[in-house]
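File shown: work39.cif (mmCIF, N, CA, C and O atoms).
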```cif
data_start
#
loop_
_atom_site.group_PDB
_atom_site.id
_atom_site.type_symbol
_atom_site.label_atom_id
_atom_site.label_comp_id
_atom_site.auth_asym_id
_atom_site.auth_seq_id
_atom_site.Cartn_x
_atom_site.Cartn_y
_atom_site.Cartn_z
ATOM 1 N N THR I 295 85.989 26.431 85.753
ATOM 2 C CA THR I 295 85.198 25.565 86.610
ATOM 3 C C THR I 295 84.139 26.408 87.316
ATOM 4 O O THR I 295 84.448 27.441 87.899
ATOM 5 N N PHE I 296 82.908 25.972 87.257
ATOM 6 C CA PHE I 296 81.792 26.645 87.914
ATOM 7 C C PHE I 296 81.428 25.835 89.151
ATOM 8 O O PHE I 296 81.232 24.623 89.065
ATOM 9 N N THR I 297 81.358 26.501 90.291
ATOM 10 C CA THR I 297 81.042 25.829 91.548
ATOM 11 C C THR I 297 79.745 26.376 92.100
ATOM 12 O O THR I 297 79.602 27.590 92.278
ATOM 13 N N ASN I 298 78.811 25.488 92.357
ATOM 14 C CA ASN I 298 77.549 25.860 92.985
ATOM 15 C C ASN I 298 77.723 25.675 94.489
ATOM 16 O O ASN I 298 77.766 24.556 94.981
ATOM 17 N N THR I 299 77.852 26.775 95.213
ATOM 18 C CA THR I 299 78.063 26.702 96.657
ATOM 19 C C THR I 299 76.760 26.591 97.426
ATOM 20 O O THR I 299 76.783 26.416 98.638
ATOM 21 N N GLY I 300 75.641 26.684 96.729
ATOM 22 C CA GLY I 300 74.339 26.538 97.371
ATOM 23 C C GLY I 300 73.942 25.084 97.473
ATOM 24 O O GLY I 300 74.667 24.178 97.059
ATOM 25 N N THR I 301 72.773 24.861 98.028
ATOM 26 C CA THR I 301 72.290 23.490 98.195
ATOM 27 C C THR I 301 71.241 23.118 97.152
ATOM 28 O O THR I 301 70.846 21.957 97.069
ATOM 29 N N ILE I 302 70.796 24.076 96.358
ATOM 30 C CA ILE I 302 69.793 23.831 95.316
ATOM 31 C C ILE I 302 70.486 23.886 93.958
ATOM 32 O O ILE I 302 71.356 24.729 93.723
ATOM 33 N N ALA I 303 70.089 23.011 93.047
ATOM 34 C CA ALA I 303 70.711 22.948 91.728
ATOM 35 C C ALA I 303 70.504 24.237 90.943
ATOM 36 O O ALA I 303 69.440 24.852 90.991
ATOM 37 N N ALA I 304 71.554 24.648 90.224
ATOM 38 C CA ALA I 304 71.449 25.759 89.267
ATOM 39 C C ALA I 304 70.979 25.123 87.967
ATOM 40 O O ALA I 304 71.692 24.336 87.352
ATOM 41 N N ARG I 305 69.766 25.437 87.551
ATOM 42 C CA ARG I 305 69.155 24.752 86.407
ATOM 43 C C ARG I 305 69.456 25.387 85.063
ATOM 44 O O ARG I 305 69.406 24.730 84.030
ATOM 45 N N SER I 306 69.742 26.682 85.062
ATOM 46 C CA SER I 306 70.034 27.363 83.800
ATOM 47 C C SER I 306 70.794 28.641 84.106
ATOM 48 O O SER I 306 70.891 29.057 85.256
ATOM 49 N N GLY I 307 71.321 29.252 83.066
ATOM 50 C CA GLY I 307 72.024 30.511 83.252
ATOM 51 C C GLY I 307 72.887 30.831 82.054
ATOM 52 O O GLY I 307 72.884 30.125 81.053
ATOM 53 N N THR I 308 73.637 31.912 82.178
ATOM 54 C CA THR I 308 74.516 32.343 81.094
ATOM 55 C C THR I 308 75.892 32.704 81.646
ATOM 56 O O THR I 308 76.039 33.059 82.809
ATOM 57 N N VAL I 309 76.870 32.616 80.763
ATOM 58 C CA VAL I 309 78.236 33.027 81.059
ATOM 59 C C VAL I 309 78.554 34.163 80.099
ATOM 60 O O VAL I 309 78.358 34.029 78.887
ATOM 61 N N SER I 310 79.003 35.298 80.618
ATOM 62 C CA SER I 310 79.356 36.453 79.785
ATOM 63 C C SER I 310 80.858 36.649 79.810
ATOM 64 O O SER I 310 81.484 36.609 80.872
ATOM 65 N N PHE I 311 81.432 36.888 78.631
ATOM 66 C CA PHE I 311 82.871 37.095 78.485
ATOM 67 C C PHE I 311 83.125 38.512 78.010
ATOM 68 O O PHE I 311 82.511 38.970 77.050
ATOM 69 N N ALA I 312 84.021 39.225 78.669
ATOM 70 C CA ALA I 312 84.430 40.565 78.264
ATOM 71 C C ALA I 312 85.811 40.440 77.620
ATOM 72 O O ALA I 312 86.818 40.305 78.305
ATOM 73 N N THR I 313 85.837 40.451 76.289
ATOM 74 C CA THR I 313 87.079 40.289 75.540
ATOM 75 C C THR I 313 87.548 41.661 75.087
ATOM 76 O O THR I 313 86.811 42.390 74.430
ATOM 77 N N HIS I 314 88.765 42.022 75.441
ATOM 78 C CA HIS I 314 89.308 43.343 75.155
ATOM 79 C C HIS I 314 90.241 43.289 73.950
ATOM 80 O O HIS I 314 91.038 42.360 73.824
ATOM 81 N N VAL I 315 90.142 44.293 73.095
ATOM 82 C CA VAL I 315 91.061 44.459 71.969
ATOM 83 C C VAL I 315 92.150 45.405 72.442
ATOM 84 O O VAL I 315 91.887 46.566 72.770
ATOM 85 N N ILE I 316 93.373 44.906 72.500
ATOM 86 C CA ILE I 316 94.504 45.637 73.065
ATOM 87 C C ILE I 316 95.459 46.048 71.942
ATOM 88 O O ILE I 316 95.865 45.210 71.134
ATOM 89 N N GLY I 317 95.822 47.328 71.916
ATOM 90 C CA GLY I 317 96.749 47.838 70.909
ATOM 91 C C GLY I 317 98.193 47.485 71.214
ATOM 92 O O GLY I 317 98.520 46.991 72.295
ATOM 93 N N ALA I 318 99.063 47.759 70.257
ATOM 94 C CA ALA I 318 100.484 47.421 70.385
ATOM 95 C C ALA I 318 101.144 48.098 71.580
ATOM 96 O O ALA I 318 102.096 47.570 72.153
ATOM 97 N N LEU I 319 100.638 49.260 71.982
ATOM 98 C CA LEU I 319 101.203 49.981 73.131
ATOM 99 C C LEU I 319 100.487 49.661 74.439
ATOM 100 O O LEU I 319 100.727 50.296 75.461
ATOM 101 N N GLY I 320 99.596 48.676 74.408
ATOM 102 C CA GLY I 320 98.890 48.262 75.611
ATOM 103 C C GLY I 320 97.611 49.015 75.893
ATOM 104 O O GLY I 320 97.009 48.841 76.946
ATOM 105 N N ILE I 321 97.167 49.859 74.958
ATOM 106 C CA ILE I 321 95.925 50.613 75.144
ATOM 107 C C ILE I 321 94.730 49.722 74.834
ATOM 108 O O ILE I 321 94.704 49.033 73.817
ATOM 109 N N ASP I 322 93.735 49.737 75.710
ATOM 110 C CA ASP I 322 92.502 48.968 75.530
ATOM 111 C C ASP I 322 91.584 49.759 74.600
ATOM 112 O O ASP I 322 91.019 50.774 74.984
ATOM 113 N N TRP I 323 91.426 49.297 73.355
ATOM 114 C CA TRP I 323 90.673 50.035 72.342
ATOM 115 C C TRP I 323 89.188 49.699 72.333
ATOM 116 O O TRP I 323 88.366 50.526 71.948
ATOM 117 N N ALA I 324 88.837 48.486 72.699
ATOM 118 C CA ALA I 324 87.418 48.095 72.640
ATOM 119 C C ALA I 324 87.197 46.877 73.522
ATOM 120 O O ALA I 324 88.125 46.124 73.823
ATOM 121 N N THR I 325 85.947 46.701 73.925
ATOM 122 C CA THR I 325 85.546 45.509 74.664
ATOM 123 C C THR I 325 84.373 44.887 73.931
ATOM 124 O O THR I 325 83.386 45.557 73.629
ATOM 125 N N VAL I 326 84.499 43.599 73.622
ATOM 126 C CA VAL I 326 83.453 42.858 72.939
ATOM 127 C C VAL I 326 82.875 41.864 73.944
ATOM 128 O O VAL I 326 83.606 41.040 74.502
ATOM 129 N N THR I 327 81.578 41.957 74.202
ATOM 130 C CA THR I 327 80.927 41.071 75.160
ATOM 131 C C THR I 327 80.154 39.987 74.419
ATOM 132 O O THR I 327 79.414 40.284 73.486
ATOM 133 N N THR I 328 80.362 38.747 74.828
ATOM 134 C CA THR I 328 79.625 37.619 74.260
ATOM 135 C C THR I 328 79.049 36.790 75.401
ATOM 136 O O THR I 328 79.566 36.810 76.516
ATOM 137 N N THR I 329 77.982 36.074 75.115
ATOM 138 C CA THR I 329 77.369 35.211 76.133
ATOM 139 C C THR I 329 77.176 33.808 75.577
ATOM 140 O O THR I 329 76.986 33.617 74.376
ATOM 141 N N GLN I 330 77.252 32.846 76.474
ATOM 142 C CA GLN I 330 77.033 31.436 76.158
ATOM 143 C C GLN I 330 76.217 30.823 77.289
ATOM 144 O O GLN I 330 76.197 31.354 78.408
ATOM 145 N N PRO I 331 75.554 29.709 77.029
ATOM 146 C CA PRO I 331 74.792 29.064 78.102
ATOM 147 C C PRO I 331 75.701 28.473 79.180
ATOM 148 O O PRO I 331 76.795 27.992 78.878
ATOM 149 N N LEU I 332 75.240 28.534 80.411
ATOM 150 C CA LEU I 332 75.932 27.915 81.535
ATOM 151 C C LEU I 332 75.845 26.393 81.373
ATOM 152 O O LEU I 332 74.831 25.883 80.906
ATOM 153 N N PRO I 333 76.890 25.643 81.748
ATOM 154 C CA PRO I 333 76.819 24.182 81.635
ATOM 155 C C PRO I 333 75.915 23.609 82.734
ATOM 156 O O PRO I 333 76.379 23.065 83.724
ATOM 157 N N ALA I 334 74.628 23.812 82.584
ATOM 158 C CA ALA I 334 73.655 23.434 83.609
ATOM 159 C C ALA I 334 72.998 22.101 83.244
ATOM 160 O O ALA I 334 72.957 21.736 82.078
ATOM 161 N N PRO I 335 72.460 21.398 84.190
ATOM 162 C CA PRO I 335 72.344 21.768 85.596
ATOM 163 C C PRO I 335 73.636 21.489 86.367
ATOM 164 O O PRO I 335 74.414 20.609 86.006
ATOM 165 N N ILE I 336 73.821 22.270 87.424
ATOM 166 C CA ILE I 336 74.930 22.056 88.353
ATOM 167 C C ILE I 336 74.295 21.807 89.715
ATOM 168 O O ILE I 336 73.681 22.693 90.298
ATOM 169 N N ALA I 337 74.425 20.591 90.193
ATOM 170 C CA ALA I 337 73.825 20.224 91.474
ATOM 171 C C ALA I 337 74.446 21.047 92.600
ATOM 172 O O ALA I 337 75.572 21.537 92.484
ATOM 173 N N GLY I 338 73.678 21.191 93.686
ATOM 174 C CA GLY I 338 74.180 21.927 94.839
ATOM 175 C C GLY I 338 75.450 21.312 95.394
ATOM 176 O O GLY I 338 75.615 20.089 95.390
ATOM 177 N N LEU I 339 76.372 22.169 95.807
ATOM 178 C CA LEU I 339 77.638 21.769 96.423
ATOM 179 C C LEU I 339 78.522 20.940 95.493
ATOM 180 O O LEU I 339 79.321 20.121 95.955
ATOM 181 N N THR I 340 78.399 21.157 94.176
ATOM 182 C CA THR I 340 79.253 20.466 93.211
ATOM 183 C C THR I 340 79.849 21.477 92.236
ATOM 184 O O THR I 340 79.444 22.632 92.199
ATOM 185 N N SER I 341 80.793 21.010 91.430
ATOM 186 C CA SER I 341 81.424 21.846 90.412
ATOM 187 C C SER I 341 81.292 21.173 89.054
ATOM 188 O O SER I 341 81.142 19.954 88.960
ATOM 189 N N ARG I 342 81.380 22.011 88.027
ATOM 190 C CA ARG I 342 81.343 21.508 86.653
ATOM 191 C C ARG I 342 82.286 22.355 85.812
ATOM 192 O O ARG I 342 82.278 23.579 85.908
ATOM 193 N N THR I 343 83.099 21.689 85.008
ATOM 194 C CA THR I 343 84.069 22.379 84.168
ATOM 195 C C THR I 343 83.559 22.426 82.731
ATOM 196 O O THR I 343 83.031 21.443 82.224
ATOM 197 N N GLN I 344 83.732 23.573 82.101
ATOM 198 C CA GLN I 344 83.316 23.767 80.711
ATOM 199 C C GLN I 344 84.356 24.643 80.025
ATOM 200 O O GLN I 344 84.850 25.604 80.621
ATOM 201 N N THR I 345 84.698 24.325 78.790
ATOM 202 C CA THR I 345 85.617 25.129 77.992
ATOM 203 C C THR I 345 84.819 25.844 76.916
ATOM 204 O O THR I 345 83.939 25.245 76.299
ATOM 205 N N TYR I 346 85.118 27.121 76.707
ATOM 206 C CA TYR I 346 84.428 27.923 75.701
ATOM 207 C C TYR I 346 85.448 28.493 74.725
ATOM 208 O O TYR I 346 86.581 28.785 75.098
ATOM 209 N N THR I 347 85.020 28.678 73.491
ATOM 210 C CA THR I 347 85.814 29.386 72.497
ATOM 211 C C THR I 347 85.191 30.754 72.306
ATOM 212 O O THR I 347 83.985 30.856 72.036
ATOM 213 N N VAL I 348 85.984 31.795 72.493
ATOM 214 C CA VAL I 348 85.502 33.166 72.331
ATOM 215 C C VAL I 348 86.066 33.700 71.019
ATOM 216 O O VAL I 348 87.284 33.682 70.819
ATOM 217 N N CYS I 349 85.194 34.144 70.125
ATOM 218 C CA CYS I 349 85.619 34.636 68.812
ATOM 219 C C CYS I 349 85.357 36.138 68.694
ATOM 220 O O CYS I 349 84.368 36.641 69.212
ATOM 221 N N VAL I 350 86.258 36.816 68.007
ATOM 222 C CA VAL I 350 86.112 38.242 67.705
ATOM 223 C C VAL I 350 86.350 38.398 66.206
ATOM 224 O O VAL I 350 87.291 37.811 65.662
ATOM 225 N N GLU I 351 85.492 39.175 65.544
ATOM 226 C CA GLU I 351 85.647 39.372 64.109
ATOM 227 C C GLU I 351 87.027 39.949 63.800
ATOM 228 O O GLU I 351 87.529 40.816 64.510
ATOM 229 N N ALA I 352 87.624 39.488 62.699
ATOM 230 C CA ALA I 352 88.981 39.897 62.328
ATOM 231 C C ALA I 352 89.099 41.405 62.137
ATOM 232 O O ALA I 352 90.126 42.000 62.478
ATOM 233 N N TRP I 353 88.073 42.064 61.630
ATOM 234 C CA TRP I 353 88.160 43.510 61.384
ATOM 235 C C TRP I 353 88.268 44.304 62.681
ATOM 236 O O TRP I 353 88.705 45.444 62.675
ATOM 237 N N ARG I 354 87.894 43.694 63.817
ATOM 238 C CA ARG I 354 87.993 44.391 65.101
ATOM 239 C C ARG I 354 89.412 44.374 65.672
ATOM 240 O O ARG I 354 89.704 45.076 66.629
ATOM 241 N N VAL I 355 90.276 43.529 65.085
ATOM 242 C CA VAL I 355 91.626 43.356 65.623
ATOM 243 C C VAL I 355 92.642 43.641 64.504
ATOM 244 O O VAL I 355 93.148 42.733 63.863
ATOM 245 N N PRO I 356 92.950 44.920 64.261
ATOM 246 C CA PRO I 356 93.912 45.263 63.201
ATOM 247 C C PRO I 356 95.297 44.697 63.494
ATOM 248 O O PRO I 356 95.618 44.311 64.626
ATOM 249 N N LEU I 357 96.120 44.677 62.479
ATOM 250 C CA LEU I 357 97.496 44.193 62.581
ATOM 251 C C LEU I 357 98.222 44.888 63.744
ATOM 252 O O LEU I 357 98.129 46.103 63.904
ATOM 253 N N GLY I 358 98.897 44.117 64.567
ATOM 254 C CA GLY I 358 99.626 44.656 65.711
ATOM 255 C C GLY I 358 98.830 44.654 67.006
ATOM 256 O O GLY I 358 99.373 44.939 68.062
ATOM 257 N N MET I 359 97.540 44.355 66.933
ATOM 258 C CA MET I 359 96.702 44.299 68.138
ATOM 259 C C MET I 359 96.456 42.840 68.510
ATOM 260 O O MET I 359 96.685 41.939 67.717
ATOM 261 N N HIS I 360 95.978 42.624 69.720
ATOM 262 C CA HIS I 360 95.632 41.278 70.163
ATOM 263 C C HIS I 360 94.405 41.342 71.057
ATOM 264 O O HIS I 360 93.949 42.422 71.426
ATOM 265 N N VAL I 361 93.860 40.180 71.395
ATOM 266 C CA VAL I 361 92.679 40.123 72.259
ATOM 267 C C VAL I 361 93.022 39.410 73.557
ATOM 268 O O VAL I 361 93.872 38.522 73.589
ATOM 269 N N GLU I 362 92.355 39.832 74.613
ATOM 270 C CA GLU I 362 92.474 39.193 75.925
ATOM 271 C C GLU I 362 91.091 39.161 76.548
ATOM 272 O O GLU I 362 90.407 40.183 76.585
ATOM 273 N N THR I 363 90.688 37.998 77.041
ATOM 274 C CA THR I 363 89.428 37.907 77.774
ATOM 275 C C THR I 363 89.761 38.181 79.237
ATOM 276 O O THR I 363 90.405 37.376 79.903
ATOM 277 N N LEU I 364 89.340 39.359 79.715
ATOM 278 C CA LEU I 364 89.725 39.815 81.049
ATOM 279 C C LEU I 364 88.617 39.683 82.082
ATOM 280 O O LEU I 364 88.872 39.815 83.269
ATOM 281 N N GLY I 365 87.405 39.458 81.637
ATOM 282 C CA GLY I 365 86.308 39.357 82.594
ATOM 283 C C GLY I 365 85.335 38.257 82.232
ATOM 284 O O GLY I 365 84.988 38.094 81.066
ATOM 285 N N VAL I 366 84.944 37.463 83.215
ATOM 286 C CA VAL I 366 83.953 36.407 83.015
ATOM 287 C C VAL I 366 82.948 36.513 84.144
ATOM 288 O O VAL I 366 83.320 36.608 85.320
ATOM 289 N N THR I 367 81.658 36.529 83.778
ATOM 290 C CA THR I 367 80.589 36.638 84.764
ATOM 291 C C THR I 367 79.568 35.541 84.497
ATOM 292 O O THR I 367 79.205 35.302 83.345
ATOM 293 N N ALA I 368 79.122 34.871 85.531
ATOM 294 C CA ALA I 368 78.092 33.839 85.389
ATOM 295 C C ALA I 368 76.857 34.245 86.188
ATOM 296 O O ALA I 368 76.969 34.747 87.302
ATOM 297 N N THR I 369 75.702 34.062 85.598
ATOM 298 C CA THR I 369 74.425 34.242 86.300
ATOM 299 C C THR I 369 73.612 32.980 86.108
ATOM 300 O O THR I 369 73.603 32.402 85.018
ATOM 301 N N TRP I 370 72.951 32.539 87.141
ATOM 302 C CA TRP I 370 72.166 31.320 87.029
ATOM 303 C C TRP I 370 70.926 31.394 87.886
ATOM 304 O O TRP I 370 70.784 32.268 88.732
ATOM 305 N N SER I 371 70.052 30.421 87.617
ATOM 306 C CA SER I 371 68.802 30.343 88.388
ATOM 307 C C SER I 371 68.514 28.902 88.741
ATOM 308 O O SER I 371 69.139 27.994 88.255
#
```
Could you write out this file's structure as structure tokens?
Amino acid sequence: TFTNTGTIAARSGTVSFATHVIGALGIDWATVTTTQPLPAPIAGLTSRTQTYTVCVEAWRVPLGMHVETLGVTATWS
């Protein structure tokens, strides 16, 4: 859920996802960053919910490893 705490509408922006490739022993082997458009516009003092699918190429995740999206950042204007 994205919440615009300001009084002016957020007209555009991006959402960045930091997806980590985690090894069988819990070691973070790589971070893959992807971006998607923000679900704009978001009027001032309102919230908007959006679901995203984050994909990582199969060759980046060898057998025994898994992925976790650990960081999400939104920027808007």
Rank nothing, just name the residue among I:Ala337, I:Ala303, I:Met359, I:Cys349 nearest to Ile316 in chain I, using only C-alpha atoms.
I:Met359
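Nearest-residue note for Leu364 in chain I: choosing from I:Thr313, I:Thr345, I:Thr340, I:Thr301, the minimum distance belongs to I:Thr313, counting only N, CA, C and O atoms.
Counting all atoms listed in the file and comparing I:Ser371, I:Gly365, I:Ile336, I:Val350, the residue that lies closest to Thr297 in chain I is I:Ile336.
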Taking the file as shown, what set of residues would the PyMOL selection byres ((chain I and resi 367) around 4.5) give back, as a PDB file with N, CA, C and O atoms, in the frame of the given file?
```pdb
ATOM      1  N   THR I 308      73.637  31.912  82.178  1.00  0.00           N
ATOM      2  CA  THR I 308      74.516  32.343  81.094  1.00  0.00           C
ATOM      3  C   THR I 308      75.892  32.704  81.646  1.00  0.00           C
ATOM      4  O   THR I 308      76.039  33.059  82.809  1.00  0.00           O
ATOM      5  N   VAL I 309      76.870  32.616  80.763  1.00  0.00           N
ATOM      6  CA  VAL I 309      78.236  33.027  81.059  1.00  0.00           C
ATOM      7  C   VAL I 309      78.554  34.163  80.099  1.00  0.00           C
ATOM      8  O   VAL I 309      78.358  34.029  78.887  1.00  0.00           O
ATOM      9  N   SER I 310      79.003  35.298  80.618  1.00  0.00           N
ATOM     10  CA  SER I 310      79.356  36.453  79.785  1.00  0.00           C
ATOM     11  C   SER I 310      80.858  36.649  79.810  1.00  0.00           C
ATOM     12  O   SER I 310      81.484  36.609  80.872  1.00  0.00           O
ATOM     13  N   GLY I 365      87.405  39.458  81.637  1.00  0.00           N
ATOM     14  CA  GLY I 365      86.308  39.357  82.594  1.00  0.00           C
ATOM     15  C   GLY I 365      85.335  38.257  82.232  1.00  0.00           C
ATOM     16  O   GLY I 365      84.988  38.094  81.066  1.00  0.00           O
ATOM     17  N   VAL I 366      84.944  37.463  83.215  1.00  0.00           N
ATOM     18  CA  VAL I 366      83.953  36.407  83.015  1.00  0.00           C
ATOM     19  C   VAL I 366      82.948  36.513  84.144  1.00  0.00           C
ATOM     20  O   VAL I 366      83.320  36.608  85.320  1.00  0.00           O
ATOM     21  N   ALA I 368      79.122  34.871  85.531  1.00  0.00           N
ATOM     22  CA  ALA I 368      78.092  33.839  85.389  1.00  0.00           C
ATOM     23  C   ALA I 368      76.857  34.245  86.188  1.00  0.00           C
ATOM     24  O   ALA I 368      76.969  34.747  87.302  1.00  0.00           O
ATOM     25  N   THR I 369      75.702  34.062  85.598  1.00  0.00           N
ATOM     26  CA  THR I 369      74.425  34.242  86.300  1.00  0.00           C
ATOM     27  C   THR I 369      73.612  32.980  86.108  1.00  0.00           C
ATOM     28  O   THR I 369      73.603  32.402  85.018  1.00  0.00           O
TER      29      THR I 369
END
```
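Residue nearest Ala312 in chain I within the list I:Thr329, I:Asn298, I:Thr363, I:Thr347: I:Thr363 [criterion: smallest interatomic distance, only N, CA, C and O atoms].
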Around (72.0, 26.2, 88.1) in the file's frame, which residues reach within 7 Å when counting only C-alpha atoms? Return as a PDB file with N, CA, C and O atoms, in the frame of the given file?
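Writing done, so here's selection.pdb:
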```
ATOM      1  N   ALA I 303      70.089  23.011  93.047  1.00  0.00           N
ATOM      2  CA  ALA I 303      70.711  22.948  91.728  1.00  0.00           C
ATOM      3  C   ALA I 303      70.504  24.237  90.943  1.00  0.00           C
ATOM      4  O   ALA I 303      69.440  24.852  90.991  1.00  0.00           O
ATOM      5  N   ALA I 304      71.554  24.648  90.224  1.00  0.00           N
ATOM      6  CA  ALA I 304      71.449  25.759  89.267  1.00  0.00           C
ATOM      7  C   ALA I 304      70.979  25.123  87.967  1.00  0.00           C
ATOM      8  O   ALA I 304      71.692  24.336  87.352  1.00  0.00           O
ATOM      9  N   ARG I 305      69.766  25.437  87.551  1.00  0.00           N
ATOM     10  CA  ARG I 305      69.155  24.752  86.407  1.00  0.00           C
ATOM     11  C   ARG I 305      69.456  25.387  85.063  1.00  0.00           C
ATOM     12  O   ARG I 305      69.406  24.730  84.030  1.00  0.00           O
ATOM     13  N   SER I 306      69.742  26.682  85.062  1.00  0.00           N
ATOM     14  CA  SER I 306      70.034  27.363  83.800  1.00  0.00           C
ATOM     15  C   SER I 306      70.794  28.641  84.106  1.00  0.00           C
ATOM     16  O   SER I 306      70.891  29.057  85.256  1.00  0.00           O
ATOM     17  N   GLY I 307      71.321  29.252  83.066  1.00  0.00           N
ATOM     18  CA  GLY I 307      72.024  30.511  83.252  1.00  0.00           C
ATOM     19  C   GLY I 307      72.887  30.831  82.054  1.00  0.00           C
ATOM     20  O   GLY I 307      72.884  30.125  81.053  1.00  0.00           O
ATOM     21  N   ALA I 334      74.628  23.812  82.584  1.00  0.00           N
ATOM     22  CA  ALA I 334      73.655  23.434  83.609  1.00  0.00           C
ATOM     23  C   ALA I 334      72.998  22.101  83.244  1.00  0.00           C
ATOM     24  O   ALA I 334      72.957  21.736  82.078  1.00  0.00           O
ATOM     25  N   PRO I 335      72.460  21.398  84.190  1.00  0.00           N
ATOM     26  CA  PRO I 335      72.344  21.768  85.596  1.00  0.00           C
ATOM     27  C   PRO I 335      73.636  21.489  86.367  1.00  0.00           C
ATOM     28  O   PRO I 335      74.414  20.609  86.006  1.00  0.00           O
ATOM     29  N   ILE I 336      73.821  22.270  87.424  1.00  0.00           N
ATOM     30  CA  ILE I 336      74.930  22.056  88.353  1.00  0.00           C
ATOM     31  C   ILE I 336      74.295  21.807  89.715  1.00  0.00           C
ATOM     32  O   ILE I 336      73.681  22.693  90.298  1.00  0.00           O
ATOM     33  N   TRP I 370      72.951  32.539  87.141  1.00  0.00           N
ATOM     34  CA  TRP I 370      72.166  31.320  87.029  1.00  0.00           C
ATOM     35  C   TRP I 370      70.926  31.394  87.886  1.00  0.00           C
ATOM     36  O   TRP I 370      70.784  32.268  88.732  1.00  0.00           O
ATOM     37  N   SER I 371      70.052  30.421  87.617  1.00  0.00           N
ATOM     38  CA  SER I 371      68.802  30.343  88.388  1.00  0.00           C
ATOM     39  C   SER I 371      68.514  28.902  88.741  1.00  0.00           C
ATOM     40  O   SER I 371      69.139  27.994  88.255  1.00  0.00           O
TER      41      SER I 371
END
```
